[in-house]
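Chemist: protein-v3.cif (mmCIF, C-alpha atoms and all ligand atoms) pasted underneath:
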data_my_file
#
loop_
_atom_site.label_atom_id
_atom_site.label_comp_id
_atom_site.auth_asym_id
_atom_site.auth_seq_id
_atom_site.Cartn_x
_atom_site.Cartn_y
_atom_site.Cartn_z
CA MET A 518 0.00 0.00 0.00
CA SER A 519 1.58 3.30 -1.05
CA ALA A 520 1.27 6.59 0.82
CA ALA A 521 -1.51 9.04 0.09
CA TYR A 522 -1.20 11.78 -2.53
CA ASP A 523 0.36 14.94 -1.03
CA PRO A 524 -1.27 18.04 -2.58
CA ASP A 525 1.79 20.10 -1.60
CA ASN A 526 4.26 18.18 -3.78
CA ILE A 527 6.36 20.31 -6.15
CA PHE A 528 4.47 19.40 -9.31
CA ALA A 529 1.11 20.15 -7.68
CA LYS A 530 2.51 23.60 -6.84
CA ILE A 531 3.62 24.04 -10.47
CA LEU A 532 0.10 23.09 -11.60
CA ARG A 533 -1.39 25.69 -9.25
CA GLY A 534 1.07 28.34 -10.46
CA GLU A 535 2.72 28.58 -7.05
CA LEU A 536 6.12 27.58 -8.47
CA PRO A 537 7.56 28.57 -11.88
CA ALA A 538 8.21 26.09 -14.68
CA HIS A 539 9.34 26.30 -18.28
CA THR A 540 6.11 24.97 -19.79
CA VAL A 541 6.32 23.53 -23.32
CA TYR A 542 2.86 21.95 -23.70
CA GLU A 543 -0.50 22.17 -21.97
CA ASP A 544 -3.99 20.84 -22.62
CA ALA A 545 -7.08 20.29 -20.48
CA HIS A 546 -5.66 17.22 -18.75
CA THR A 547 -1.86 17.44 -18.88
CA LEU A 548 1.15 19.75 -18.63
CA ALA A 549 4.72 19.36 -19.92
CA PHE A 550 7.73 21.37 -18.76
CA MET A 551 11.51 21.21 -18.82
CA ASP A 552 13.25 19.28 -16.03
CA VAL A 553 15.09 21.69 -13.72
CA MET A 554 18.05 19.27 -13.32
CA PRO A 555 18.16 17.73 -16.81
CA GLN A 556 19.99 14.51 -17.56
CA GLY A 557 20.63 16.02 -20.98
CA GLU A 558 19.45 18.88 -23.19
CA GLY A 559 15.74 18.62 -23.87
CA HIS A 560 14.88 16.55 -20.78
CA THR A 561 11.13 17.12 -20.49
CA LEU A 562 8.54 15.99 -17.93
CA VAL A 563 4.88 15.28 -18.74
CA ILE A 564 2.34 15.20 -15.92
CA PRO A 565 -1.42 14.80 -15.55
CA LYS A 566 -3.41 17.58 -13.94
CA ALA A 567 -5.32 14.96 -11.95
CA PRO A 568 -3.79 14.19 -8.54
CA SER A 569 -2.08 10.80 -9.01
CA ARG A 570 0.92 9.77 -6.94
CA GLY A 571 2.16 7.38 -9.62
CA LEU A 572 1.14 4.86 -12.24
CA LEU A 573 -0.45 2.52 -9.71
CA ASP A 574 -3.13 4.87 -8.36
CA ALA A 575 -3.93 6.73 -11.60
CA GLU A 576 -7.43 6.59 -13.09
CA PRO A 577 -7.75 5.04 -16.58
CA GLU A 578 -8.89 8.39 -18.02
CA THR A 579 -5.81 10.06 -16.55
CA LEU A 580 -3.52 7.47 -18.11
CA ALA A 581 -5.23 7.75 -21.50
CA ALA A 582 -4.81 11.52 -21.60
CA LEU A 583 -1.25 11.28 -20.32
CA ALA A 584 -0.25 8.69 -22.93
CA ARG A 585 -1.55 10.93 -25.70
CA SER A 586 0.40 13.89 -24.35
CA VAL A 587 3.58 11.86 -23.88
CA GLN A 588 3.41 10.93 -27.56
CA THR A 589 2.68 14.52 -28.63
CA VAL A 590 5.52 15.93 -26.53
CA ALA A 591 7.92 13.14 -27.51
CA ARG A 592 7.36 13.90 -31.19
CA ALA A 593 7.92 17.63 -30.57
CA VAL A 594 11.07 17.04 -28.49
CA LYS A 595 12.51 14.68 -31.11
CA ALA A 596 11.99 17.28 -33.83
CA ALA A 597 13.09 20.29 -31.77
CA PHE A 598 16.35 18.70 -30.65
CA GLU A 599 16.98 16.79 -33.90
CA ALA A 600 17.28 13.61 -31.87
CA ASP A 601 17.83 10.13 -33.30
CA GLY A 602 15.67 8.63 -30.57
CA LEU A 603 14.12 9.16 -27.16
CA THR A 604 14.18 7.49 -23.77
CA VAL A 605 10.80 7.61 -21.98
CA PHE A 606 10.48 6.39 -18.38
CA GLN A 607 8.84 6.90 -15.02
CA PHE A 608 9.35 5.69 -11.43
CA ASN A 609 6.93 4.52 -8.75
CA GLU A 610 7.69 4.95 -5.04
CA PRO A 611 11.04 5.66 -3.37
CA ALA A 612 12.27 2.10 -3.84
CA SER A 613 12.29 2.72 -7.60
CA GLY A 614 13.92 6.14 -7.45
CA GLN A 615 10.81 8.35 -7.48
CA THR A 616 11.51 11.66 -5.75
CA VAL A 617 8.50 13.78 -6.71
CA PHE A 618 5.24 12.09 -5.81
CA HIS A 619 3.01 13.31 -8.60
CA LEU A 620 2.83 10.97 -11.61
CA HIS A 621 5.25 12.04 -14.35
CA PHE A 622 6.96 10.68 -17.44
CA HIS A 623 10.50 11.67 -18.33
CA ILE A 624 11.34 12.23 -22.00
CA ILE A 625 15.04 12.40 -22.82
CA PRO A 626 16.18 12.92 -26.43
CA ARG A 627 19.22 10.97 -27.54
CA ARG A 628 21.64 11.29 -30.42
CA ASP A 629 24.24 8.68 -31.32
CA GLY A 630 22.99 6.60 -28.40
CA VAL A 631 23.51 9.16 -25.62
CA PRO A 632 21.58 12.08 -24.08
CA LEU A 633 22.37 15.45 -25.67
CA LYS A 634 25.02 17.58 -23.97
CA ARG A 635 23.60 20.28 -21.70
P1 LIG A 701 11.69 11.28 -10.27
O1 LIG A 701 10.68 11.54 -9.20
O2 LIG A 701 11.13 10.54 -11.44
O3 LIG A 701 12.92 10.61 -9.75
O4 LIG A 701 12.22 12.64 -10.85
C1 LIG A 701 11.71 13.90 -10.54
C2 LIG A 701 12.30 14.87 -11.54
O5 LIG A 701 11.77 16.15 -11.25
C3 LIG A 701 13.82 14.99 -11.49
O6 LIG A 701 14.36 14.75 -12.78
C4 LIG A 701 14.07 16.43 -11.04
O7 LIG A 701 15.18 17.02 -11.67
C5 LIG A 701 12.78 17.11 -11.43
N1 LIG A 701 12.42 18.23 -10.58
C6 LIG A 701 12.47 18.28 -9.21
N2 LIG A 701 12.04 19.48 -8.76
C7 LIG A 701 11.70 20.19 -9.86
C8 LIG A 701 11.20 21.53 -10.03
O8 LIG A 701 10.95 22.28 -9.09
N3 LIG A 701 10.97 21.92 -11.31
C9 LIG A 701 11.21 21.12 -12.38
N4 LIG A 701 10.97 21.62 -13.59
N5 LIG A 701 11.70 19.87 -12.26
C10 LIG A 701 11.94 19.41 -11.01
#
Just dump the structure as structure tokens.
Modeler:
Amino acid sequence: MSAAYDPDNIFAKILRGELPAHTVYEDAHTLAFMDVMPQGEGHTLVIPKAPSRGLLDAEPETLAALARSVQTVARAVKAAFEADGLTVFQFNEPASGQTVFHLHFHIIPRRDGVPLKR
């Protein structure tokens, strides 16, 4: 059993406009913004507006909207950074490496097999 959703997590504050973010995409159900500590140039995060802690507690409608946005943003990131490919991943709970407890997908463009230099 995972912990409850904390409405004061950093991404919830970004959604409420209480913290700044470099937003690159937004629709009714999702938001995408640049990672503040990128693993490479173009490292982008895509989150649902609905309050989900991770993949395991997300509603089906949330996941459907998020999947569409991940594809939209991935296509845009690939084109914008002239990447050969993309790594897309997400973590669930501290044991996996999750540090912000609002569901999010990482998108990291890659060229010649590695993330782009920052
Ligand atoms: P995870 O929870 O999947 O391990 O990663 C959370 C990600 O959020 C990290 O890549 C981290 O750099 C990013 N991050 C943490 N705090 C902020 C913030 O305030 N703004 C933005 N844009 N990204 C953040």
Chemist: Set the cut-off to 8 Å, count all atoms listed in the file, and list whatever residues fall near ligand LIG 701 (chain A) as a compact mmCIF listing (two decimals) with C-alpha atoms, keeping the file's coordinate frame.
Modeler:
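Below is the file that was written, part16.txt:
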# COMPACT_ATOMS: atom_id res chain seq x y z
CA ILE A 527 6.36 20.31 -6.15
CA PHE A 528 4.47 19.40 -9.31
CA ILE A 531 3.62 24.04 -10.47
CA LEU A 536 6.12 27.58 -8.47
CA PRO A 537 7.56 28.57 -11.88
CA ALA A 538 8.21 26.09 -14.68
CA HIS A 539 9.34 26.30 -18.28
CA PHE A 550 7.73 21.37 -18.76
CA MET A 551 11.51 21.21 -18.82
CA ASP A 552 13.25 19.28 -16.03
CA VAL A 553 15.09 21.69 -13.72
CA MET A 554 18.05 19.27 -13.32
CA PRO A 555 18.16 17.73 -16.81
CA GLN A 556 19.99 14.51 -17.56
CA LEU A 562 8.54 15.99 -17.93
CA GLN A 607 8.84 6.90 -15.02
CA PHE A 608 9.35 5.69 -11.43
CA ASN A 609 6.93 4.52 -8.75
CA GLY A 614 13.92 6.14 -7.45
CA GLN A 615 10.81 8.35 -7.48
CA THR A 616 11.51 11.66 -5.75
CA VAL A 617 8.50 13.78 -6.71
CA PHE A 618 5.24 12.09 -5.81
CA HIS A 619 3.01 13.31 -8.60
CA HIS A 621 5.25 12.04 -14.35
CA PHE A 622 6.96 10.68 -17.44
CA HIS A 623 10.50 11.67 -18.33
Chemist: If you count all atoms listed in the file, which residues fall within 10 Å of Arg635 (chain A), apart from same-chain ones fewer than 3 positions away, as a CSV table (one decimal) with C-alpha atoms, in the coordinates of the input?
Modeler:
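Saved as result_11.csv:
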chain,number,residue,atom,x,y,z
A,555,PRO,CA,18.2,17.7,-16.8
A,556,GLN,CA,20.0,14.5,-17.6
A,557,GLY,CA,20.6,16.0,-21.0
A,558,GLU,CA,19.4,18.9,-23.2
A,559,GLY,CA,15.7,18.6,-23.9
A,560,HIS,CA,14.9,16.6,-20.8
A,632,PRO,CA,21.6,12.1,-24.1
Chemist: Find the residue from A:Thr561, A:Leu583, A:Gly571, A:Arg628 that sits nearest to Val605 (chain A); use only C-alpha atoms when measuring.
Modeler: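 Between A:Thr561, A:Leu583, A:Gly571, A:Arg628, the residue approaching Val605 (chain A) most closely is A:Thr561.
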Chemist: For Asn526 (chain A), which residue among A:Ser613, A:Ser569, A:Ser586, A:Thr604 is the nearest when counting only C-alpha atoms?
Modeler: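 Smallest distance to Asn526 (chain A) is found for A:Ser569.
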Chemist: If we count only C-alpha atoms, what is near Lys566 (chain A) at a cut-off of 12 Å, once residues fewer than 5 positions away on the same chain are taken out, given as a PyMOL selection string?
Modeler: chain A and resi 524+528-533+543-549+575-576+578-580+582-583+586+619-621
Chemist: Nearest residue to Ala567 (chain A) out of A:Tyr522, A:Lys595, A:Gly602, A:Val631, using all atoms listed in the file?
Modeler: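 Smallest separation from Ala567 (chain A) among the options: A:Tyr522.
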Chemist: Please return the centre and edge lengths, in Å to one decimal, of a box with edges along x, y and z that contains all listed atoms of region 610-622 of chain A, widened by 3 Å on every side, as AutoDock Vina command-line options.
Modeler:
--center_x 8.4 --center_y 7.9 --center_z -10.4 --size_x 17.1 --size_y 17.7 --size_z 20.1
Chemist: Please compute the CA of Glu535 (chain A)-CA of Pro577 (chain A) distance, one decimal, in Å.
Modeler: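 Interatomic distance, CA of Glu535 (chain A) to CA of Pro577 (chain A): 27.5 Å.
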Chemist: Of the candidates A:Val587, A:Ala600, A:Val594, A:Asp525, which one gets nearest to Val563 (chain A) if we count all atoms listed in the file?
Modeler: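 Using all atoms listed in the file, Val563 (chain A) sits closest to A:Val587.
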Chemist: With only C-alpha atoms as the atoms that count, which of A:Pro611, A:Tyr542, A:Asp574, A:Phe606 lies nearest to Val590 (chain A)?
Modeler: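 Using only C-alpha atoms, the shortest distance to Val590 (chain A) belongs to A:Tyr542.
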Chemist: Missing atoms in region 527-554 of chain A need filling: write out N, CA and C atoms for it as an mmCIF file, keeping the file's coordinate frame.
Modeler:
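Done, and the output landed in part16.cif:
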data_model
loop_
_atom_site.group_PDB
_atom_site.id
_atom_site.type_symbol
_atom_site.label_atom_id
_atom_site.label_comp_id
_atom_site.auth_asym_id
_atom_site.auth_seq_id
_atom_site.Cartn_x
_atom_site.Cartn_y
_atom_site.Cartn_z
ATOM 1 N N ILE A 527 5.858 19.235 -5.270
ATOM 2 C CA ILE A 527 6.360 20.310 -6.150
ATOM 3 C C ILE A 527 5.555 20.431 -7.442
ATOM 4 N N PHE A 528 5.181 19.319 -8.032
ATOM 5 C CA PHE A 528 4.470 19.400 -9.310
ATOM 6 C C PHE A 528 3.039 19.905 -9.115
ATOM 7 N N ALA A 529 2.430 19.592 -7.980
ATOM 8 C CA ALA A 529 1.110 20.150 -7.680
ATOM 9 C C ALA A 529 1.217 21.676 -7.560
ATOM 10 N N LYS A 530 2.312 22.147 -6.971
ATOM 11 C CA LYS A 530 2.510 23.600 -6.840
ATOM 12 C C LYS A 530 2.732 24.240 -8.210
ATOM 13 N N ILE A 531 3.455 23.540 -9.104
ATOM 14 C CA ILE A 531 3.620 24.040 -10.470
ATOM 15 C C ILE A 531 2.249 24.127 -11.161
ATOM 16 N N LEU A 532 1.436 23.089 -10.983
ATOM 17 C CA LEU A 532 0.100 23.090 -11.600
ATOM 18 C C LEU A 532 -0.754 24.246 -11.092
ATOM 19 N N ARG A 533 -0.603 24.599 -9.827
ATOM 20 C CA ARG A 533 -1.390 25.690 -9.250
ATOM 21 C C ARG A 533 -0.777 27.068 -9.527
ATOM 22 N N GLY A 534 0.401 27.069 -10.174
ATOM 23 C CA GLY A 534 1.070 28.340 -10.460
ATOM 24 C C GLY A 534 1.802 28.920 -9.278
ATOM 25 N N GLU A 535 2.021 28.109 -8.256
ATOM 26 C CA GLU A 535 2.720 28.580 -7.050
ATOM 27 C C GLU A 535 4.232 28.497 -7.194
ATOM 28 N N LEU A 536 4.698 27.675 -8.145
ATOM 29 C CA LEU A 536 6.120 27.580 -8.470
ATOM 30 C C LEU A 536 6.270 27.754 -9.978
ATOM 31 N N PRO A 537 7.378 28.375 -10.435
ATOM 32 C CA PRO A 537 7.560 28.570 -11.880
ATOM 33 C C PRO A 537 7.996 27.284 -12.573
ATOM 34 N N ALA A 538 7.712 27.207 -13.855
ATOM 35 C CA ALA A 538 8.210 26.090 -14.680
ATOM 36 C C ALA A 538 8.280 26.581 -16.118
ATOM 37 N N HIS A 539 9.221 26.016 -16.845
ATOM 38 C CA HIS A 539 9.340 26.300 -18.280
ATOM 39 C C HIS A 539 8.401 25.344 -19.018
ATOM 40 N N THR A 540 7.150 25.806 -19.187
ATOM 41 C CA THR A 540 6.110 24.970 -19.790
ATOM 42 C C THR A 540 6.288 24.903 -21.314
ATOM 43 N N VAL A 541 6.179 23.683 -21.869
ATOM 44 C CA VAL A 541 6.320 23.530 -23.320
ATOM 45 C C VAL A 541 5.048 22.989 -23.969
ATOM 46 N N TYR A 542 4.116 22.475 -23.149
ATOM 47 C CA TYR A 542 2.860 21.950 -23.700
ATOM 48 C C TYR A 542 1.827 21.937 -22.590
ATOM 49 N N GLU A 543 0.590 22.269 -22.945
ATOM 50 C CA GLU A 543 -0.500 22.170 -21.970
ATOM 51 C C GLU A 543 -1.791 21.886 -22.718
ATOM 52 N N ASP A 544 -2.614 20.996 -22.150
ATOM 53 C CA ASP A 544 -3.990 20.840 -22.620
ATOM 54 C C ASP A 544 -4.886 20.696 -21.398
ATOM 55 N N ALA A 545 -6.126 20.301 -21.592
ATOM 56 C CA ALA A 545 -7.080 20.290 -20.480
ATOM 57 C C ALA A 545 -6.675 19.337 -19.366
ATOM 58 N N HIS A 546 -5.933 18.282 -19.713
ATOM 59 C CA HIS A 546 -5.660 17.220 -18.750
ATOM 60 C C HIS A 546 -4.197 17.055 -18.366
ATOM 61 N N THR A 547 -3.288 17.687 -19.097
ATOM 62 C CA THR A 547 -1.860 17.440 -18.880
ATOM 63 C C THR A 547 -1.034 18.716 -19.044
ATOM 64 N N LEU A 548 0.194 18.646 -18.522
ATOM 65 C CA LEU A 548 1.150 19.750 -18.630
ATOM 66 C C LEU A 548 2.526 19.141 -18.876
ATOM 67 N N ALA A 549 3.340 19.791 -19.710
ATOM 68 C CA ALA A 549 4.720 19.360 -19.920
ATOM 69 C C ALA A 549 5.646 20.545 -19.715
ATOM 70 N N PHE A 550 6.775 20.294 -19.051
ATOM 71 C CA PHE A 550 7.730 21.370 -18.760
ATOM 72 C C PHE A 550 9.138 20.777 -18.701
ATOM 73 N N MET A 551 10.127 21.660 -18.797
ATOM 74 C CA MET A 551 11.510 21.210 -18.820
ATOM 75 C C MET A 551 11.952 20.807 -17.405
ATOM 76 N N ASP A 552 12.716 19.726 -17.322
ATOM 77 C CA ASP A 552 13.250 19.280 -16.030
ATOM 78 C C ASP A 552 14.291 20.295 -15.540
ATOM 79 N N VAL A 553 14.214 20.662 -14.262
ATOM 80 C CA VAL A 553 15.090 21.690 -13.720
ATOM 81 C C VAL A 553 16.534 21.185 -13.531
ATOM 82 N N MET A 554 16.706 19.879 -13.428
ATOM 83 C CA MET A 554 18.050 19.270 -13.320
ATOM 84 C C MET A 554 18.178 18.216 -14.414
#
